[in-house]
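Raw query30.tsv, TSV, C-alpha atoms:
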chain	number	residue	atom	x	y	z
A	30	MET	CA	174.98	48.08	66.73
A	31	SER	CA	177.32	46.42	64.23
A	32	MET	CA	180.00	48.43	62.48
A	33	SER	CA	178.49	47.88	59.04
A	34	GLY	CA	175.08	48.87	60.39
A	35	LEU	CA	176.54	52.09	61.73
A	36	ASP	CA	178.28	52.64	58.38
A	37	SER	CA	175.01	52.54	56.52
A	38	GLU	CA	173.28	54.71	59.13
A	39	LEU	CA	176.03	57.30	58.80
A	40	GLU	CA	175.74	57.22	55.02
A	41	GLU	CA	171.97	57.65	55.21
A	42	LEU	CA	172.37	60.50	57.70
A	43	TYR	CA	174.92	62.18	55.42
A	44	ARG	CA	172.70	61.92	52.35
A	45	ARG	CA	169.67	63.21	54.24
A	46	ARG	CA	171.22	65.95	56.35
A	47	GLN	CA	174.54	67.09	54.93
A	48	GLY	CA	172.88	70.25	53.58
A	49	ALA	CA	171.64	71.23	57.05
A	50	PHE	CA	175.09	70.44	58.49
A	51	GLN	CA	176.67	72.78	55.93
A	52	VAL	CA	174.23	75.62	56.59
A	53	MET	CA	174.71	75.42	60.36
A	54	LEU	CA	178.47	74.94	60.28
A	55	ALA	CA	178.91	77.83	57.84
A	56	SER	CA	177.78	79.99	60.77
A	57	VAL	CA	180.84	78.76	62.64
A	58	THR	CA	183.44	78.61	59.88
A	59	GLY	CA	182.26	81.68	57.94
A	60	SER	CA	181.76	80.03	54.55
A	61	VAL	CA	179.85	77.18	52.99
A	62	GLU	CA	182.98	75.83	51.29
A	63	SER	CA	184.84	75.36	54.57
A	64	ALA	CA	181.66	74.07	56.20
A	65	ARG	CA	181.38	71.40	53.49
A	66	ASP	CA	184.93	70.34	54.27
A	67	VAL	CA	184.14	70.17	58.00
A	68	VAL	CA	181.03	68.07	57.35
A	69	GLN	CA	182.98	65.56	55.28
A	70	GLU	CA	185.74	65.35	57.85
A	71	ALA	CA	183.21	64.94	60.67
A	72	PHE	CA	181.55	61.99	58.93
A	73	ALA	CA	184.96	60.53	58.11
A	74	GLN	CA	185.93	60.73	61.80
A	75	ALA	CA	182.63	59.13	62.75
A	76	LEU	CA	183.36	56.26	60.35
A	77	ARG	CA	186.88	55.85	61.73
A	78	ASP	CA	185.95	56.05	65.39
A	79	GLN	CA	182.65	54.23	65.63
A	80	SER	CA	183.45	52.95	69.10
A	81	GLY	CA	183.09	56.57	70.26
A	82	PHE	CA	179.34	56.34	69.72
A	83	ARG	CA	177.99	54.94	72.95
A	84	GLY	CA	174.37	54.98	71.86
A	85	ASP	CA	173.20	57.08	74.82
A	86	GLY	CA	172.01	59.82	72.46
A	87	SER	CA	171.10	60.01	68.81
A	88	LEU	CA	173.67	59.27	66.12
A	89	GLU	CA	173.05	62.68	64.58
A	90	ALA	CA	173.77	64.52	67.84
A	91	TRP	CA	177.06	62.59	68.13
A	92	VAL	CA	178.08	63.62	64.61
A	93	TRP	CA	177.07	67.23	65.33
A	94	ARG	CA	179.40	67.27	68.32
A	95	ILE	CA	182.25	65.89	66.23
A	96	ALA	CA	181.55	68.49	63.54
A	97	PHE	CA	181.55	71.38	66.02
A	98	ARG	CA	184.82	70.22	67.55
A	99	ILE	CA	186.39	70.14	64.07
A	100	ALA	CA	184.89	73.53	63.20
A	101	ILE	CA	186.32	75.21	66.31
A	102	GLY	CA	189.60	73.37	65.91
A	103	SER	CA	189.39	71.58	69.24
A	104	LYS	CA	191.62	68.53	69.66
A	105	GLY	CA	189.93	67.23	72.80
A	106	SER	CA	187.33	64.54	73.22
A	107	HIS	CA	184.20	64.39	71.09
A	108	GLU	CA	182.14	65.98	73.86
A	109	LEU	CA	181.60	69.72	73.83
A	110	THR	CA	181.95	71.47	77.14
A	111	VAL	CA	179.86	74.50	78.01
A	112	ASP	CA	182.73	76.94	77.53
A	113	GLU	CA	183.47	75.36	74.14
A	114	VAL	CA	180.17	76.36	72.57
A	115	PRO	CA	181.23	77.83	69.25
A	116	GLU	CA	180.53	81.41	68.23
A	117	VAL	CA	177.98	81.49	65.45
A	118	ALA	CA	177.09	84.29	63.06
A	119	PHE	CA	175.15	84.67	59.84
A	120	VAL	CA	177.13	84.35	56.62
A	121	HIS	CA	174.75	86.69	54.79
A	122	GLU	CA	173.95	89.28	57.48
A	123	ASP	CA	173.08	91.88	54.83
A	124	ARG	CA	169.96	89.95	53.86
A	125	ASP	CA	168.30	90.74	57.21
A	126	PRO	CA	170.41	93.22	59.24
A	127	THR	CA	167.72	93.62	61.92
A	128	LEU	CA	167.61	89.91	62.71
A	129	ALA	CA	171.39	89.63	62.45
A	130	ALA	CA	171.91	92.45	64.95
A	131	ALA	CA	169.31	91.03	67.34
A	132	VAL	CA	170.81	87.54	67.22
A	133	ARG	CA	174.32	88.95	67.68
A	134	ARG	CA	173.24	90.41	71.02
A	135	LEU	CA	172.16	86.98	72.36
A	136	PRO	CA	174.56	85.25	74.77
A	137	PRO	CA	176.60	82.51	73.02
A	138	GLN	CA	174.64	79.52	74.34
A	139	ARG	CA	171.27	81.09	73.50
A	140	ARG	CA	172.54	82.07	70.08
A	141	MET	CA	173.79	78.54	69.50
A	142	ALA	CA	170.46	77.08	70.57
A	143	VAL	CA	168.62	79.42	68.20
A	144	PHE	CA	170.87	78.46	65.31
A	145	LEU	CA	170.50	74.74	66.05
A	146	ARG	CA	166.75	75.19	66.18
A	147	TYR	CA	166.27	77.29	63.06
A	148	PHE	CA	169.24	76.46	60.86
A	149	ALA	CA	169.85	72.82	61.76
A	150	ASP	CA	166.14	72.14	62.36
A	151	LEU	CA	166.85	70.07	65.48
A	152	SER	CA	164.31	69.17	68.15
A	153	TYR	CA	164.72	70.34	71.73
A	154	ALA	CA	165.91	66.85	72.71
A	155	GLU	CA	168.52	66.82	69.91
A	156	ILE	CA	169.73	70.30	70.82
A	157	GLY	CA	170.11	69.09	74.40
A	158	ASN	CA	172.08	66.10	73.13
A	159	VAL	CA	174.42	68.30	71.09
A	160	LEU	CA	175.00	70.88	73.82
A	161	GLY	CA	175.05	68.36	76.64
A	162	ILE	CA	172.17	69.97	78.52
A	163	ALA	CA	168.74	68.77	79.55
A	164	GLU	CA	165.78	69.16	77.22
A	165	GLY	CA	164.08	71.39	79.79
A	166	THR	CA	167.11	73.65	79.82
A	167	VAL	CA	166.91	73.88	76.02
A	168	ALA	CA	163.25	74.88	76.26
A	169	ALA	CA	164.08	77.54	78.83
A	170	THR	CA	167.05	78.80	76.79
A	171	LEU	CA	164.96	79.09	73.63
A	172	SER	CA	162.12	80.75	75.50
A	173	GLN	CA	164.53	83.38	76.85
A	174	SER	CA	165.98	83.82	73.37
A	175	HIS	CA	162.52	84.30	71.86
A	176	ALA	CA	161.63	86.87	74.49
A	177	GLN	CA	164.85	88.79	73.89
A	178	LEU	CA	164.41	88.68	70.11
A	179	SER	CA	160.77	89.79	70.39
A	180	ALA	CA	161.82	92.74	72.53
A	181	GLU	CA	164.57	93.60	70.03
A	182	PHE	CA	162.19	93.46	67.10
A	183	SER	CA	159.54	95.56	68.88
A	184	THR	CA	162.10	98.24	69.75
A	185	ARG	CA	163.42	98.29	66.20
A	186	GLU	CA	159.95	98.48	64.74
A	187	VAL	CA	159.04	101.39	67.05
A	188	ILE	CA	162.28	103.19	66.14
A	189	ALA	CA	161.73	102.51	62.48
B	9	MET	CA	157.18	83.57	71.84
B	10	SER	CA	153.91	82.97	70.02
B	11	THR	CA	153.54	80.43	67.23
B	12	TYR	CA	153.26	83.33	64.83
B	13	ASN	CA	156.62	84.71	65.91
B	14	ASP	CA	158.16	81.24	65.86
B	15	THR	CA	156.94	80.78	62.27
B	16	LEU	CA	158.23	84.23	61.41
B	17	LEU	CA	161.66	83.33	62.81
B	18	VAL	CA	161.72	80.11	60.77
B	19	ALA	CA	161.06	82.15	57.62
B	20	ARG	CA	163.62	84.86	58.47
B	21	PHE	CA	166.32	82.29	59.25
B	22	ALA	CA	165.51	80.46	56.04
B	23	ALA	CA	166.08	83.69	54.11
B	24	LEU	CA	169.49	84.05	55.75
B	25	ALA	CA	170.58	80.46	55.16
B	26	PRO	CA	173.42	80.07	52.67
B	27	GLU	CA	172.99	77.65	49.79
B	28	PRO	CA	174.67	74.33	50.66
B	29	ARG	CA	177.08	72.75	48.17
B	30	PRO	CA	176.40	69.28	46.80
B	31	GLY	CA	178.03	66.61	48.92
B	32	ASP	CA	179.29	63.22	47.83
B	33	TRP	CA	179.52	60.28	50.25
B	34	ALA	CA	182.37	58.91	48.12
B	35	ASP	CA	184.46	61.95	49.18
B	36	VAL	CA	183.92	60.95	52.82
B	37	LEU	CA	185.04	57.41	52.03
B	38	ASP	CA	188.15	58.83	50.34
B	39	ARG	CA	189.08	60.57	53.57
B	40	VAL	CA	188.82	57.29	55.46
B	41	GLY	CA	190.82	55.47	52.78
B	42	ARG	CA	187.96	53.17	51.88
B	43	PRO	CA	187.24	52.21	48.27
B	44	ARG	CA	184.48	54.10	46.55
B	45	PRO	CA	181.39	52.06	45.79
B	46	ARG	CA	181.35	50.85	42.21
B	47	ARG	CA	178.70	52.55	40.19
B	48	SER	CA	176.72	50.72	37.60
B	49	ARG	CA	176.64	52.40	34.20
B	50	LEU	CA	172.91	51.86	34.17
B	51	PRO	CA	170.83	53.33	36.97
B	52	ALA	CA	169.40	50.73	39.31
B	53	LEU	CA	165.73	50.17	38.53
B	54	PRO	CA	163.03	48.76	40.77
B	55	ARG	CA	162.18	45.11	40.04
B	56	ARG	CA	158.80	45.90	38.45
B	57	ARG	CA	160.31	48.57	36.17
B	58	ARG	CA	163.11	46.15	35.21
B	59	LEU	CA	160.46	43.59	34.18
B	60	VAL	CA	158.69	46.21	32.04
B	61	VAL	CA	161.97	47.09	30.32
B	62	VAL	CA	162.70	43.41	29.56
B	63	LEU	CA	159.18	42.86	28.19
B	64	ALA	CA	159.45	46.00	26.05
B	65	ALA	CA	162.78	44.77	24.65
B	66	ILE	CA	161.24	41.36	23.81
B	67	ALA	CA	158.26	43.07	22.13
B	68	ALA	CA	160.61	45.31	20.11
B	69	VAL	CA	162.61	42.27	18.90
B	70	ALA	CA	159.36	40.48	17.95
B	71	VAL	CA	158.10	43.51	15.97
B	72	ILE	CA	161.44	43.88	14.14
B	73	CYS	CA	161.48	40.16	13.24
B	74	ALA	CA	157.86	40.24	12.02
B	75	THR	CA	158.57	43.34	9.93
B	76	ALA	CA	161.63	41.71	8.36
B	77	LEU	CA	159.64	38.57	7.51
B	78	ALA	CA	156.80	40.64	6.03
B	79	VAL	CA	159.18	42.66	3.87
B	80	ARG	CA	160.74	39.44	2.63
B	81	ALA	CA	157.37	37.75	1.94
B	82	TYR	CA	155.56	40.69	0.32
B	83	PHE	CA	158.31	42.51	-1.52
B	84	ILE	CA	161.56	40.61	-1.94
B	85	GLU	CA	160.20	37.12	-2.69
B	86	SER	CA	157.13	38.23	-4.66
B	87	GLY	CA	158.95	40.71	-6.87
B	88	PHE	CA	159.23	44.43	-6.72
B	89	ILE	CA	160.35	47.15	-9.09
B	90	GLY	CA	164.08	46.86	-9.49
B	91	ILE	CA	164.32	43.81	-7.25
B	92	PRO	CA	163.70	40.47	-8.97
B	93	PRO	CA	162.16	37.63	-6.95
B	94	ALA	CA	164.59	35.36	-5.13
B	95	GLY	CA	166.03	32.79	-7.56
B	96	ALA	CA	164.72	34.55	-10.68
B	97	THR	CA	166.73	34.32	-13.90
B	98	ALA	CA	166.96	37.14	-16.36
B	99	SER	CA	164.87	36.67	-19.50
B	100	THR	CA	166.70	36.08	-22.76
B	101	PRO	CA	167.30	37.65	-25.11
B	102	GLU	CA	167.49	40.99	-23.29
B	103	THR	CA	165.84	42.76	-26.21
B	104	GLY	CA	163.23	41.56	-28.66
B	105	ARG	CA	160.77	42.70	-31.31
B	106	LEU	CA	157.88	44.53	-29.78
B	107	VAL	CA	154.64	43.24	-31.21
B	108	LEU	CA	152.18	45.08	-29.08
B	109	SER	CA	152.09	47.76	-26.40
B	110	ALA	CA	149.04	49.11	-24.63
B	111	TYR	CA	148.31	51.81	-22.11
B	112	GLY	CA	145.15	52.60	-20.23
B	113	VAL	CA	143.46	53.21	-16.92
B	114	ALA	CA	141.52	50.47	-15.27
B	115	ARG	CA	140.03	50.63	-11.77
B	116	ARG	CA	141.82	53.93	-11.12
B	117	SER	CA	145.18	52.32	-11.91
B	118	ARG	CA	147.34	53.25	-14.86
B	119	THR	CA	148.34	50.09	-16.67
B	120	GLN	CA	150.98	49.49	-19.36
B	121	MET	CA	151.65	46.28	-21.24
B	122	TRP	CA	154.36	45.26	-23.72
B	123	LEU	CA	154.19	42.04	-25.73
B	124	TYR	CA	157.26	40.82	-27.61
B	125	ALA	CA	157.46	38.52	-30.66
B	126	ASP	CA	158.97	35.67	-28.61
B	127	GLY	CA	155.91	35.68	-26.34
B	128	ARG	CA	157.36	37.67	-23.42
B	129	LEU	CA	154.87	39.88	-21.70
B	130	ILE	CA	155.78	42.80	-19.47
B	131	TRP	CA	152.92	44.12	-17.44
B	132	ARG	CA	153.07	47.25	-15.32
B	133	ARG	CA	150.32	48.55	-13.15
B	134	GLU	CA	150.48	51.69	-11.09
B	135	SER	CA	148.27	52.15	-8.12
B	136	PRO	CA	148.08	54.91	-5.50
B	137	ARG	CA	150.32	52.76	-3.31
B	138	GLY	CA	153.02	52.36	-5.93
B	139	SER	CA	153.55	50.25	-8.96
B	140	ASP	CA	154.35	46.68	-9.74
B	141	LEU	CA	156.23	45.36	-12.72
B	142	LYS	CA	155.94	41.76	-13.74
B	143	SER	CA	157.97	40.20	-16.46
B	144	LEU	CA	156.95	36.67	-17.31
B	145	ASP	CA	158.45	34.48	-19.96
B	146	ASP	CA	157.38	30.92	-19.30
B	147	ASP	CA	155.15	28.78	-21.52
B	148	ASP	CA	151.96	29.69	-19.73
B	149	LEU	CA	152.69	33.33	-20.36
B	150	ARG	CA	153.13	32.67	-24.04
B	151	VAL	CA	149.60	31.31	-24.09
B	152	ILE	CA	148.37	34.30	-22.14
B	153	GLY	CA	150.31	36.58	-24.42
B	154	GLU	CA	148.67	35.09	-27.49
B	155	GLY	CA	145.32	35.45	-25.73
B	156	CYS	CA	146.06	39.05	-25.05
B	157	LEU	CA	147.07	39.58	-28.62
B	158	ARG	CA	143.91	37.99	-29.91
B	159	ALA	CA	141.77	39.94	-27.48
B	160	TRP	CA	143.44	43.14	-28.58
B	161	GLU	CA	142.91	42.28	-32.20
B	162	ILE	CA	139.24	41.50	-31.48
B	163	ASP	CA	138.88	44.88	-29.80
B	164	ARG	CA	140.50	46.55	-32.74
B	165	ASP	CA	138.06	44.91	-35.04

For this file, write the structure as structure tokens.
Amino acid sequence: MSMSGLDSELEELYRRRQGAFQVMLASVTGSVESARDVVQEAFAQALRDQSGFRGDGSLEAWVWRIAFRIAIGSKGSHELTVDEVPEVAFVHEDRDPTLAAAVRRLPPQRRMAVFLRYFADLSYAEIGNVLGIAEGTVAATLSQSHAQLSAEFSTREVIA
Amino acid sequence: MSTYNDTLLVARFAALAPEPRPGDWADVLDRVGRPRPRRSRLPALPRRRRLVVVLAAIAAVAVICATALAVRAYFIESGFIGIPPAGATASTPETGRLVLSAYGVARRSRTQMWLYADGRLIWRRESPRGSDLKSLDDDDLRVIGEGCLRAWEIDRD
């Protein structure tokens, strides 16, 4: 892909998805303002370092990985390793304390997968691309997360 | 998890999502040190809409020109209260001895007429759309004026 072609694809991706990037990254940085800054810096890095996109995954997944590395302050390569999966939490936990508490009890990778699914609106394949795991693993991770959340909700509802 | 629960999770996450701030691609370009794209003062329009705008502008110019020509033909050049026809000269003398004046209503229009001793005739007719005022002082009018005078005298008799 030519550089100018990638430029325009990045611009189109930014215009279409920067809101979703902000919402998801606010779960890492703690505020929308800082998340907006991270999103802009991630796209700027993508523009500067276009040779880093090898084309083996989607362009969006590549930018997500850059954004997460910036959000967690990692200086390494653009790839996220398993132990670098960022901690995510709701910015407005008070709006749904039950869900917030249930999600907080998920292991980090499951929690991340849930956030990528429901906040970033990514497909299983894209989540796999971002986390560097197979699509089947994503499906299994989300299934386990759903089961755990269902159990949490049922318990809470019974207690309530 | 069932589809119902999946849908429920989508809705509950949506309720927890913070409101994103507006983002500007130009800010990203600033960070890279690239020039911002130049923005046109006018918003870019699709080709078909641009054609409609051009045609509308041409139609507007045509209407304005036609209106100006009509105003000139029907009012300025043919005479109008307070505005003499183009090239008209003022009648002389400015005052004269009034021989005859008449006032009446004809065909739902109030009409006034003044005839001066030197033959000048001033004729004013008011209609629902306004009034016209014609002041004529050429030779033909003198004849008409005498005719008017005679007709008036005949009526009087």

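Between Phe50 of chain A and the candidates B:Trp122, B:Gly31, B:Ala65, B:Phe21, the tightest atom-to-atom separation, counting only C-alpha atoms, involves B:Gly31.
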
Checklist entry - Would you list which chain B residues are within 8 Å of chain A using all atoms listed in the file, as a ChimeraX atom specification? => result /B:9,13,17-18,20-31,33,35-37,39-40

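Closest approach to Ile156 of chain A from the set A:Arg94, A:Arg134, A:Ser183, A:Val117 is made by A:Arg94, with distances taken over all atoms listed in the file.
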
Checklist entry - What does the distance from atom CA of Ser37 of chain A to atom CA of Gln79 of chain A come to in Å, to one decimal? => result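 So the two atoms, atom CA of Ser37 of chain A and atom CA of Gln79 of chain A, lie 12.0 Å apart.
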
Checklist entry - atom CA of Glu89 of chain A and atom CA of Pro54 of chain B, how far apart in Å? => result 29.3 Å

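Across the structure, atom CA of Ala180 of chain A and atom CA of Ala130 of chain A are spaced 12.6 Å apart.
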
Next on the checklist: So that I can check the surroundings of Gly165 of chain A, please list as a list of chain:residue names every protein, DNA and RNA residue that reaches within 12 Å of it, counting only C-alpha atoms and ignoring chain neighbours fewer than 3 positions away.
Outcome noted: A:Ser152, A:Tyr153, A:Ala154, A:Glu155, A:Ile156, A:Gly157, A:Asn158, A:Gly161, A:Ile162, A:Ala168, A:Ala169, A:Thr170, A:Leu171, A:Ser172
